[in-house]
Every structure is written in structure tokens, then in C-alpha cells.
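*Asks:* Dropping a structure here in C-alpha cells format, bear with me for questions.
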Amino acid sequence: MTSRRKVLKAGAAAGAAVFASTLGFPAIVRAQSGAIKIGHLTPLTGFLGALGEYAVMGIKMATEEINAAGGVMGRKLDVISEDSVNPATASTKAQRMLEQDRVEFLMGEINSASAQTIMQVAARNKKLFLQIGARSDVLRGKNCNKYTFHVDIPVTVMVNAAGQALLREGLIKGKRVFSLTSDYLFGHDLSKAAKAFIAANGGTVIGDELTATDTTDFSPFLLKIRQAKPDLVATNLGGNQVTNFVKQYSEFGLPYPVAGFNLNTADAWAAGEGNLAGFWPTVWHHELDTPGSKAFVAEFRKKYGKPPENHAWIEYVSLKIMAQAMNATKSTDTDKLIAYFESQAEFDLLKGRKGYFRSWDHQLIQEAYPFTVKPKGQAKDKWDFLAFGAAVPAANQPLEVINPSKEQNTCSM
Amino acid sequence: MQLFFLLEQVVNGLVLGGYYLLIALGLSLIFSVGGVVNLAHGAFYALGAYASVEIARHLGFGAGAVLSPVAVALLGILFERFILRRFYTADPILSLLVTFGLALVAEQAIRMVWGAAPLPASMPAGFKGQLMLGDFMFSRYRLFLLAVVAAVLGGIWLLLHKTSFGRVVRAGIQRPDMVAALGIRLQPYMTTIVMLGVGMAALGGALFAPIAMVHPAMGAEIITVAFVVVVIGGLGSFWGVVLAAMLVGVVRGITIHFLPAAGEASMYVLMFLVLMFRPRGLLGERIEKFE
């Protein structure tokens with residue numbers, strides 16, 4: 001009898017756990033009082049869910065490291081991670097975290113539309129939001145606010161990073177470019193930046209088609225690309241779309257060179273061997289040859305059994321950035337933290353050069369990298385088919401040059 | 001030239017329709033015979049894709065595409081025997097709830113076993129590339145996919161229309177009470193129908209794994225399209241589902257040709273129009289037990 005009861009109990013507990021995680025209840029057990037509570041929102045389901053999983057791994061690893069070393073100002077960090085689901089839910093959860101969970105500040109996000117709504121919650125409550133992974137230009141331009149700082153590179157930087165490689169290959173000047181654009185905030189923004197870059201460098205955009213974010217089959221678009229016979233196919237897609245597009249582009253075997261202004265290493269890995277081609281940008285990669293990155297990658301591999309994706313890295317350094325700011329100001333006070341960031345203090349991003357938040361748009365200024373694909377047969381394992389290029393901008397140029405200027409992306413707080 | 005481009009989209013839409021058909025036909029059969037709306041159908045599609053990738057890793061692509069649907073079909077027997085069977089005569093809301101719950105559990109289970117990160121999957125190099133028939137461009141792989149769909153479709157049609165098994169099933173759709181009065185138990189037939197239905201969904205997943213992303217929510221993505229196809233085609237009609245699948249594929253292609261952003265919305269507009277003029281769907285039959 002007892003064993004039967006145990007089985008039932010275990011079953012009920014497992015059922016409850018599954019139920020809780022679907023509804024997005026906090027998966028992380030809350031620590032004792034006295035800890036510094038941090039609200040962390042990121043998409044764990046939907047078309048960005050795979051990236052969110054890496055995000056949680058990264059922030060978890062940073063939390064454990066910081067707490068093992070004694071925490072911040074003698075207090076442990078308590079990061080409450082939840083699935084942000086969609087823009088509406090993201091804002092509801094952000095509000096609840098501030099009101100009920102009494103978090104000191106908010107972090108996270110990958111989806112530009114959700115980041116937008118959390119930014120509004122942060123401004124309304126006068127609390128800091130470290131916007132980690134969303135890349136839309138308008139977040140740090142037209143819609144910027146005083147309470148939000150942005151860690152990931154804006155789309156203009158991604159366009160510049162991949163664009164440098166395309167210019168070198170002679171694929172822009174005097175060429176006809178066909179684009180596919182993801183039909184939401186981020187895609188529109190990326191398309192705008194890409195068009196500006198192509199026009200500035202002597203190329204012509206002969207077509208730019210919007211695709212719904214839930215597009216899984218790209219065959220009708222591939223037919224249109226063939227009808228247009230472009231010199232270059234440049235994509236402004238997001239999340240699952242990139243992987244689906246890349247797989248089907250390879251399936252149809254179209255002869256035109258391909259490039260994209262957005263790709264995360266997870267999307268590239270998911271494409272499968274032999275499917276990815278072309279030129280892409282990234283904010284960080286696991287083969288970066290700096291002591292900091294190497295140590296992080298080794299530790300991550302030991303913990304999770306696979307290399308970190310760029311969202312794992314960015315969440316890891318983001319929490320370290322917050323820890324540095326709290327230690328330096330000896331405070332969790334919103335105004336003091338904002339003042340510290342605006343002082344353009346430098347942060348170790350595990351890259352060749354340190355980064356800093358630009359005071360007028362709160363954007364973290366840092367290096368970016370182009371990448372392409374290794375020739376067939378050179379991959380050591382299933383993670384190893386990407387060939388990463390040197391950091392952009394070059395070492396003799398200021399970091400700011402790849403970022404949008406004040407005139408390009410006006411932000412007034 | 002414009003006309004030619006349009007024609008190319010139509011042909012491509014037909015090919016895509018074939019793939020929708022694999023998932024929608026099973027859904028329609030289970031609904032028609034058992035009266036159960038199987039919201040977990042997408043979960044079997046996802047399981048089929050994951051199983052095929054896992055098997056292909058050890059035994060190659062061919063083995064994955066064959067063994068995965070077989071394995072999922074066997075799982076379908078358990079699904080029918082222990083879950084679906086309890087709901088044939090119950091309030092339809094109960095079967096909706098239980099299959100919806102099952103779909104959520106399956107998606108989370110996939111996430112727990114394989115992780116949220118998508119699985120990489122590729123096709124054998126020989127399938128890659130295009131085949132030109134005249135001026136029409138086809139993906140070689142999709143032509144292979146179409147051949148498989150045609151074979152499966154032919155098999156199911158023969159089974160339903162040329163065997164005693166099929167006669168009982170078709171009678172069971174219309175008059176289960178008469179079938180029972182003749183001393184025939186419908187349950188073993190239902191088991192077979194569910195097995196075939198989820199097996200087809202799994203085959204769809206296995207065949208689509210090399211060209212679309214294999215991720216935990218893929219089942220939820222496909223179930224909506226499958227439902228639209230079933231609703232447009234109408235219940236109880238084999239050819240209705242076939243026609244609807246092709247129509248959805250073609251309408252999507254044409255829409256993307258003229259108005260790319262509306263591509264994914266086109267099927268819902270089509271469904272709306274069909275339901276306005278034919279509430280039972282294009283070829284739907286009047287089924288007494290559902291009236």
C-alpha cells in the first residue's frame with residue numbers, strides 16, 4: 001500500500017512540476033531573506049525558446065559563481081527566472097515581480113517586442129531594466145528611456161559586422177540584392193538598417209518581402225528568389241525562421257550567394273551539417289581566443305556538456321556587469337546604478353576590448369564578429385562548422401564606429 | 001512570364017499540400033470514426049520527427065524515416081487503448097481537454113528529454129538540389145516526399161474502399177448503432193484507425209525534419225494547419241481532406257506571390273469563406289451522430 005501511495009505522490013509531484021513550468025511559474029527556488037532579488041524574464045517557449053534556454057543557463061552559472069564567492073556586498077543574489085511568453089505577459093510579469101516579489105531591478109529578454117513592454121514597466125516604476133538580448137534599433141533610439149540599458153548589439157552593428165565581410169567579397173557594390181524580412185518589430189528594424197547599408201555602399205535592393213514569424217515553409221519565397229535572379233540573397237529573419245530558411249535554401253540548391261544580418265549560433269547549430277552557407281554576424285562566439293572567453297567556455301562545457309551559445313555568454317556577462325555596478329556603488333539604488341553606468345565605466349566582456357555603456361543612448365559599446373562556414377570535412381564535431389572572422393571594428397578604430405550615430409538613431413530621454 | 005511564375009507557385013503549392021495531407025488525414029479519420037478531436041495529433045508529429053533524427057543518427061536517414069512512424073504507431077495503440085477509448089461516448093469537451101493536456105505534457109516531455117534547443121537534422125546529400133522539369137523548378141527531396149505521400153494515400157484509399165475492414169469503418173462513421181446491431185465491435189477498428197492516423201503524422205514529422213526546424217513546439221505549429229485542412233475538407237470525406245490540403249497549399253503559394261506578408265493568414269481566410277458557403281466543409285457528409 002505504502003509503495004502505491006508513494007508512486008501516486010511522485011506522479012502527482014511530477015505532474016505538478018510539468019504544469020507549473022508550462023504556466024511559467026518560477027522554476028528557481030527563492031533564497032532566504034537578505035538576498036538581493038533580481039527579476040529575470042526571457043522567452044522559454046515559442047520561436048525564441050531555444051535561445052532562452054541558453055540564456056537561463058548563462059545567468060544561472062553567473063549567479064552560482066558570484067554567490068560561491070560571497071555574493072555582492074555580503075548578500076547572495078537571488079535571480080527569479082520566468083518565461084516571458086509574449087509582450088503582454090512579459091509586461092504583466094515584470095509589474096508583478098516589482099510589486100509582489102520586490103525585485104531590485106529587472107534583467108533579460110530576447111524578443112524586441114517584449115523588451116519594449118518591459119521597458120515601459122521599468123520607466124513607470126522608476127526601476128532599472130538591463131535589457132540583455134533584444135537587438136531592435138528603436139529600443140535604443142526613438143523608444144529609449146532613462147531606466148533601460150542595452151547589452152546586446154543593435155541591428156545596425158549586426159548589419160555592419162556582416163556587411164564588412166560582404167564588402168570584402170565584393171557582394172554589395174553594384175549588385176542586386178533580394179531580401180526576406182521577418183514581419184515584426186525586429187525584422188522591420190533590421191531591414192531598415194540593411195537597406196541603409198546596402199544603399200550607402202552602392203548596392204540595389206530589388207525586392208524585400210515580409211514573412212510572418214510563424215512561417216515554416218519557405219518554398220514560395222524560394223521560387224520568388226529564383227524569379228528575381230539576384231546577385232545576393234540577404235535575410236532579415238529572426239529565431240526559428242532563420243533555421244528553416246537556411247535548411248530549405250540548401251534543399252532547393254539555389255546558386256545565389258546568401259547572407260543574413262541576424263543569426264545566433266544556436267540557429268546555426270540547429271541547421272545541421274552541410275545546410276548553412278554564406279555570411280552572418282554575431283556578438284560573441286565560443287572560439288574567441290581570449291583568456292576570459294576560454295575559461296568561460298571550459299567551465300560552461302564542464303557544467304552543461306556543450307559549448308555556450310551567444311545568449312549564454314551575454315547573460316553571464318550581464319549579471320557580472322550588474323554585480324560590478326552594485327559593488328562599485330555599494331548600493332542597489334536605481335539612480336546610483338544609472339549614474340554609474342552613465343559614467344561610461346568599463347566592463348570586462350571576455351572579449352579583446354572592454355566595453356562601456358554610451359551615456360546618451362545607454363547602449364553597451366563592444367566588438368562584433370562576422371562568420372561564415374568551414375569548407376566541407378573540416379568540422380571536428382557537430383558544433384564546429386562555423387568559421388569566425390576577426391573582430392569588427394579593427395583594433396586601430398574606435399569601438400563606436402560600427403554603432404548608429406546620434407543622427408541615425410535619435411534618443412532623447 | 002507573370003502567368004508562368006504564378007503557375008509555378010500553384011504546382012509548388014500542390015506539393016506542399018501533399019505534406020499537409022499526411023497530418024490532416026489521420027486527424028480527420030480519428031474524428032470521423034471516433035468523434036474525438038485529437039488535439040494531441042501534433043505531439044505525434046513532433047515525436048515522429050524527434051525519433052527519426054535519433055534513429056537516423058545511428059542507422060541512417062532511411063531507417064529513421066521507416067522505423068520512426070512504426071514506433072509512433074505502436075505508441076498510438078497504447079494511446080487509443082488506455083486514453084482515447086474512454087471518451088468515445090463521453091461529452092466531447094472531455095476528450096478535447098484530455099488530448100489538449102496530453103499535447104502540453106508531450107511538448108514538455110520533449111523539452112525535458114532533448115532540451116529546448118532544436119535538433120540538427122540533414123537529408124542525405126543525394127536528395128539535395130533542384131530538378132528542372134521544363135521551366136519548373138522542383139526540390140528533389142520534395143518530389144520524393146510527394147511520391148511517399150501518394151503511396152500512403154493510395155494505400156489508405158484501398159484499405160477504406162476495397163476491403164471489408166474499410167466497409168466496417170465507413171459504416172461505423174455513419175451508423176455506429178447499426179454496426180453494433182450486426183454484432184460487430186468497432187473498438188478494434190478504432191485502434192487500427194488511430195494507429196494509422198498517428199503513424200501518418202509521425203511519417204510527416206520524419207519527412208519534414210530535414211527541411212524544417214526540429215523543436216519542441218513543432219507539434220503545436222502543425223496542428224493548427226491540420227485543423228484548418230480538416231475543417232475546409234469536411235468530415236467523413238476522404239477526398240474532401242485531399243482537396244482541402246491541396247487548396248490550402250495552392251492558396252498560400254498564390255497569396256505569397258502577390259502579398260507575401262499575408263501568406264500564413266491566407267488559409268484562415270479560405271476557411272472563413274468555405275464555412276460561409278458550405279458549413280460542413282467542401283465535401284463533408286451529413287453525419288447523423290454529430291448533428
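Chain labels A, B, ... are given in the sequence in which chains occur in the C-alpha cells; within each chain residues are numbered consecutively from 1, and ligands are likewise numbered from 1 in the order shown.
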Need to verify the contact set: A:Ala122, 8 Å, only C-alpha atoms, exclusion of same-chain residues closer than 4 positions in sequence. Can you return it as a short mmCIF file (atom, residue, chain, number, x, y, z; two decimals) with N, CA and C atoms, in the first residue's frame?
*Replies:*
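Writing done, so here's around_34.cif:
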data_model
loop_
_atom_site.label_atom_id
_atom_site.label_comp_id
_atom_site.auth_asym_id
_atom_site.auth_seq_id
_atom_site.Cartn_x
_atom_site.Cartn_y
_atom_site.Cartn_z
N LEU A 106 15.19 44.69 -13.01
CA LEU A 106 14.80 43.68 -13.98
C LEU A 106 15.94 43.44 -14.97
N ILE A 118 8.50 45.69 -21.37
CA ILE A 118 9.16 45.69 -20.06
C ILE A 118 9.82 47.05 -19.80
N LYS A 126 10.01 53.41 -12.18
CA LYS A 126 11.31 54.03 -11.89
C LYS A 126 12.30 53.00 -11.36
N LYS A 127 12.39 51.85 -12.04
CA LYS A 127 13.34 50.80 -11.67
C LYS A 127 14.21 50.48 -12.88
N LEU A 128 15.41 50.01 -12.59
CA LEU A 128 16.36 49.72 -13.66
C LEU A 128 15.97 48.45 -14.42
N PHE A 129 16.14 48.47 -15.74
CA PHE A 129 15.96 47.27 -16.56
C PHE A 129 17.22 47.10 -17.42
N TYR A 147 15.63 54.47 -17.84
CA TYR A 147 15.79 53.37 -16.90
C TYR A 147 16.31 52.09 -17.56
N THR A 148 16.48 52.13 -18.87
CA THR A 148 16.87 50.90 -19.58
C THR A 148 18.27 51.02 -20.16
#
*Asks:* Do you have, as JSON lines, the list of residues of chain B lying at most 8 Å from chain A, each with its nearest atom pair and that distance in Å to one decimal, counting only C-alpha atoms and ordered by chain then number?
*Replies:*
{"residue": "B:Phe5", "atom": "CA", "partner": "A:Gln227", "partner_atom": "CA", "distance": 7.4}
{"residue": "B:Glu8", "atom": "CA", "partner": "A:Leu223", "partner_atom": "CA", "distance": 7.7}
{"residue": "B:Gln9", "atom": "CA", "partner": "A:Pro220", "partner_atom": "CA", "distance": 6.3}
{"residue": "B:Asn12", "atom": "CA", "partner": "A:Pro220", "partner_atom": "CA", "distance": 7.2}
{"residue": "B:Gly13", "atom": "CA", "partner": "A:Pro220", "partner_atom": "CA", "distance": 7.8}
{"residue": "B:Leu104", "atom": "CA", "partner": "A:Thr22", "partner_atom": "CA", "distance": 7.7}
{"residue": "B:Val105", "atom": "CA", "partner": "A:Val18", "partner_atom": "CA", "distance": 7.0}
{"residue": "B:Gln108", "atom": "CA", "partner": "A:Val18", "partner_atom": "CA", "distance": 6.8}
{"residue": "B:Ala116", "atom": "CA", "partner": "A:Ala50", "partner_atom": "CA", "distance": 4.9}
{"residue": "B:Ala117", "atom": "CA", "partner": "A:Ala50", "partner_atom": "CA", "distance": 4.4}
{"residue": "B:Pro118", "atom": "CA", "partner": "A:Ala270", "partner_atom": "CA", "distance": 5.4}
{"residue": "B:Leu119", "atom": "CA", "partner": "A:Ala270", "partner_atom": "CA", "distance": 5.6}
{"residue": "B:Pro120", "atom": "CA", "partner": "A:Gly272", "partner_atom": "CA", "distance": 4.2}
{"residue": "B:Ala121", "atom": "CA", "partner": "A:Gly272", "partner_atom": "CA", "distance": 5.1}
{"residue": "B:Ser122", "atom": "CA", "partner": "A:Gly272", "partner_atom": "CA", "distance": 5.6}
{"residue": "B:Phe127", "atom": "CA", "partner": "A:Glu251", "partner_atom": "CA", "distance": 8.0}
{"residue": "B:Lys128", "atom": "CA", "partner": "A:Glu251", "partner_atom": "CA", "distance": 5.1}
{"residue": "B:Gly129", "atom": "CA", "partner": "A:Gly253", "partner_atom": "CA", "distance": 4.3}
{"residue": "B:Gln130", "atom": "CA", "partner": "A:Phe252", "partner_atom": "CA", "distance": 5.2}
{"residue": "B:Met137", "atom": "CA", "partner": "A:Leu223", "partner_atom": "CA", "distance": 7.8}
{"residue": "B:Phe138", "atom": "CA", "partner": "A:Phe252", "partner_atom": "CA", "distance": 7.4}
{"residue": "B:Ser139", "atom": "CA", "partner": "A:Phe252", "partner_atom": "CA", "distance": 5.0}
{"residue": "B:Arg140", "atom": "CA", "partner": "A:Phe252", "partner_atom": "CA", "distance": 7.6}
{"residue": "B:Tyr141", "atom": "CA", "partner": "A:Glu251", "partner_atom": "CA", "distance": 7.2}
{"residue": "B:Pro210", "atom": "CA", "partner": "A:Lys247", "partner_atom": "CA", "distance": 7.4}
{"residue": "B:Ile211", "atom": "CA", "partner": "A:Lys247", "partner_atom": "CA", "distance": 5.3}
{"residue": "B:Ala212", "atom": "CA", "partner": "A:Asn244", "partner_atom": "CA", "distance": 4.9}
{"residue": "B:Met213", "atom": "CA", "partner": "A:Asn244", "partner_atom": "CA", "distance": 5.6}
{"residue": "B:Val214", "atom": "CA", "partner": "A:Ala270", "partner_atom": "CA", "distance": 8.0}
{"residue": "B:Ala217", "atom": "CA", "partner": "A:Gly46", "partner_atom": "CA", "distance": 6.9}
{"residue": "B:Glu221", "atom": "CA", "partner": "A:Asp214", "partner_atom": "CA", "distance": 7.9}
{"residue": "B:Gly253", "atom": "CA", "partner": "A:Pro220", "partner_atom": "CA", "distance": 5.5}
{"residue": "B:Ile256", "atom": "CA", "partner": "A:Pro220", "partner_atom": "CA", "distance": 6.6}
{"residue": "B:His257", "atom": "CA", "partner": "A:Pro220", "partner_atom": "CA", "distance": 7.3}
{"residue": "B:Pro260", "atom": "CA", "partner": "A:Leu210", "partner_atom": "CA", "distance": 5.9}
{"residue": "B:Ala261", "atom": "CA", "partner": "A:Leu210", "partner_atom": "CA", "distance": 4.8}
{"residue": "B:Ala262", "atom": "CA", "partner": "A:Ala212", "partner_atom": "CA", "distance": 7.4}
{"residue": "B:Gly263", "atom": "CA", "partner": "A:Ala212", "partner_atom": "CA", "distance": 7.3}
{"residue": "B:Glu264", "atom": "CA", "partner": "A:Ala212", "partner_atom": "CA", "distance": 6.5}
*Asks:* Pull the alpha helix (DSSP H) assignments for stretch 85-124 of chain A out of DSSP run on the backbone, and list those residues as a PyMOL selection string.
*Replies:* chain A and resi 87-99+112-124
*Asks:* If we count only C-alpha atoms, what is near A:Gln363 at a cut-off of 8 Å, once residues fewer than 2 positions away on the same chain are taken out, given as an MDAnalysis selection string?
*Replies:* chainID A and resid 140 149:151 153 357:359 361 365
*Asks:* Give me the residues within 12 Å of A:Asp189 as a PyMOL selection string, counting only C-alpha atoms and dropping any in the same chain fewer than 3 places off.
*Replies:* chain A and resi 112-113+134-142+154-156+158-159+181-186+192-196+236-238+261-262+409
*Asks:* Please identify all polymer residues within 12 Å of A:Leu364, counting only C-alpha atoms, omitting same-chain residues fewer than 3 positions from it, and present them as a PDB file with C-alpha atoms, in the first residue's frame.
*Replies:*
ATOM      1  CA  LEU A 130      19.100  45.718 -18.019  1.00  0.00           C
ATOM      2  CA  GLN A 131      17.810  44.780 -21.465  1.00  0.00           C
ATOM      3  CA  ILE A 132      20.081  41.917 -22.431  1.00  0.00           C
ATOM      4  CA  GLY A 133      19.273  40.221 -25.716  1.00  0.00           C
ATOM      5  CA  ARG A 135      18.503  43.971 -30.838  1.00  0.00           C
ATOM      6  CA  ARG A 140      17.771  52.461 -28.004  1.00  0.00           C
ATOM      7  CA  THR A 148      16.869  50.905 -19.575  1.00  0.00           C
ATOM      8  CA  PHE A 149      20.390  49.850 -20.586  1.00  0.00           C
ATOM      9  CA  HIS A 150      21.048  47.580 -23.567  1.00  0.00           C
ATOM     10  CA  VAL A 151      23.693  44.860 -23.606  1.00  0.00           C
ATOM     11  CA  ASP A 152      23.298  43.093 -26.973  1.00  0.00           C
ATOM     12  CA  ILE A 153      24.399  44.826 -30.155  1.00  0.00           C
ATOM     13  CA  PRO A 154      21.717  46.803 -32.029  1.00  0.00           C
ATOM     14  CA  VAL A 157      26.001  46.810 -35.595  1.00  0.00           C
ATOM     15  CA  VAL A 283      28.010  39.383 -30.953  1.00  0.00           C
ATOM     16  CA  ILE A 314      25.614  37.562 -22.799  1.00  0.00           C
ATOM     17  CA  VAL A 317      28.442  38.856 -18.519  1.00  0.00           C
ATOM     18  CA  SER A 318      25.244  40.848 -17.876  1.00  0.00           C
ATOM     19  CA  ILE A 321      28.058  43.790 -15.081  1.00  0.00           C
ATOM     20  CA  PHE A 341      26.567  53.171 -15.980  1.00  0.00           C
ATOM     21  CA  GLU A 342      26.333  56.668 -17.438  1.00  0.00           C
ATOM     22  CA  GLN A 344      30.906  55.103 -19.015  1.00  0.00           C
ATOM     23  CA  ALA A 345      32.628  52.739 -16.582  1.00  0.00           C
ATOM     24  CA  GLU A 346      34.332  49.839 -18.378  1.00  0.00           C
ATOM     25  CA  PHE A 347      33.282  46.209 -18.162  1.00  0.00           C
ATOM     26  CA  ASP A 348      35.165  43.014 -18.976  1.00  0.00           C
ATOM     27  CA  LEU A 349      33.088  41.261 -21.662  1.00  0.00           C
ATOM     28  CA  LYS A 354      36.466  46.146 -22.797  1.00  0.00           C
ATOM     29  CA  GLY A 355      33.022  47.648 -23.269  1.00  0.00           C
ATOM     30  CA  TYR A 356      31.110  50.590 -21.807  1.00  0.00           C
ATOM     31  CA  PHE A 357      27.569  51.994 -21.866  1.00  0.00           C
ATOM     32  CA  ARG A 358      27.281  55.028 -24.118  1.00  0.00           C
ATOM     33  CA  SER A 359      25.734  57.715 -21.922  1.00  0.00           C
ATOM     34  CA  TRP A 360      23.272  59.223 -24.413  1.00  0.00           C
ATOM     35  CA  ASP A 361      21.521  56.031 -25.600  1.00  0.00           C
ATOM     36  CA  GLU A 367      33.184  44.423 -30.616  1.00  0.00           C
ATOM     37  CA  ALA A 368      31.208  42.231 -33.037  1.00  0.00           C
ATOM     38  CA  LEU A 399      34.551  50.913 -30.950  1.00  0.00           C
ATOM     39  CA  GLU A 400      31.811  53.430 -31.684  1.00  0.00           C
ATOM     40  CA  ASN A 403      27.215  51.791 -33.899  1.00  0.00           C
TER      41      ASN A 403
END
*Asks:* Determine, counting only C-alpha atoms, which protein, DNA and RNA residues have an atom within 8 Å of an atom of B:Ala51; residues of the same chain fewer than 3 positions away are not included. Present the result as a PDB file with N, CA and C atoms, in the first residue's frame.
*Replies:*
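Once written, out17.pdb looks like this:
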ATOM      1  N   LEU B  47       6.921  13.860 -32.146  1.00  0.00           N
ATOM      2  CA  LEU B  47       7.626  12.647 -31.714  1.00  0.00           C
ATOM      3  C   LEU B  47       8.228  11.916 -32.911  1.00  0.00           C
ATOM      4  N   GLY B  48       7.464  11.891 -34.007  1.00  0.00           N
ATOM      5  CA  GLY B  48       7.961  11.247 -35.225  1.00  0.00           C
ATOM      6  C   GLY B  48       9.242  11.899 -35.712  1.00  0.00           C
ATOM      7  N   GLU B  54      16.794  10.796 -34.059  1.00  0.00           N
ATOM      8  CA  GLU B  54      17.537   9.936 -33.125  1.00  0.00           C
ATOM      9  C   GLU B  54      17.949   8.625 -33.812  1.00  0.00           C
ATOM     10  N   ILE B  55      17.013   8.027 -34.546  1.00  0.00           N
ATOM     11  CA  ILE B  55      17.318   6.761 -35.228  1.00  0.00           C
ATOM     12  C   ILE B  55      18.318   7.000 -36.358  1.00  0.00           C
ATOM     13  N   GLY B  64      15.540   5.851 -40.217  1.00  0.00           N
ATOM     14  CA  GLY B  64      14.810   6.815 -39.406  1.00  0.00           C
ATOM     15  C   GLY B  64      13.420   7.069 -39.962  1.00  0.00           C
ATOM     16  N   SER B  68      10.710   5.263 -37.399  1.00  0.00           N
ATOM     17  CA  SER B  68      10.075   6.226 -36.504  1.00  0.00           C
ATOM     18  C   SER B  68       8.539   6.193 -36.592  1.00  0.00           C
ATOM     19  N   ALA B 206       8.832  12.887 -39.615  1.00  0.00           N
ATOM     20  CA  ALA B 206      10.122  12.308 -40.010  1.00  0.00           C
ATOM     21  C   ALA B 206      10.576  12.867 -41.352  1.00  0.00           C
TER      22      ALA B 206
END
*Asks:* Could you tell me how far atom CA of B:Leu273 lies from atom CA of B:Phe100, in Å and to one decimal?
*Replies:*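 The value is 27.1 Å.
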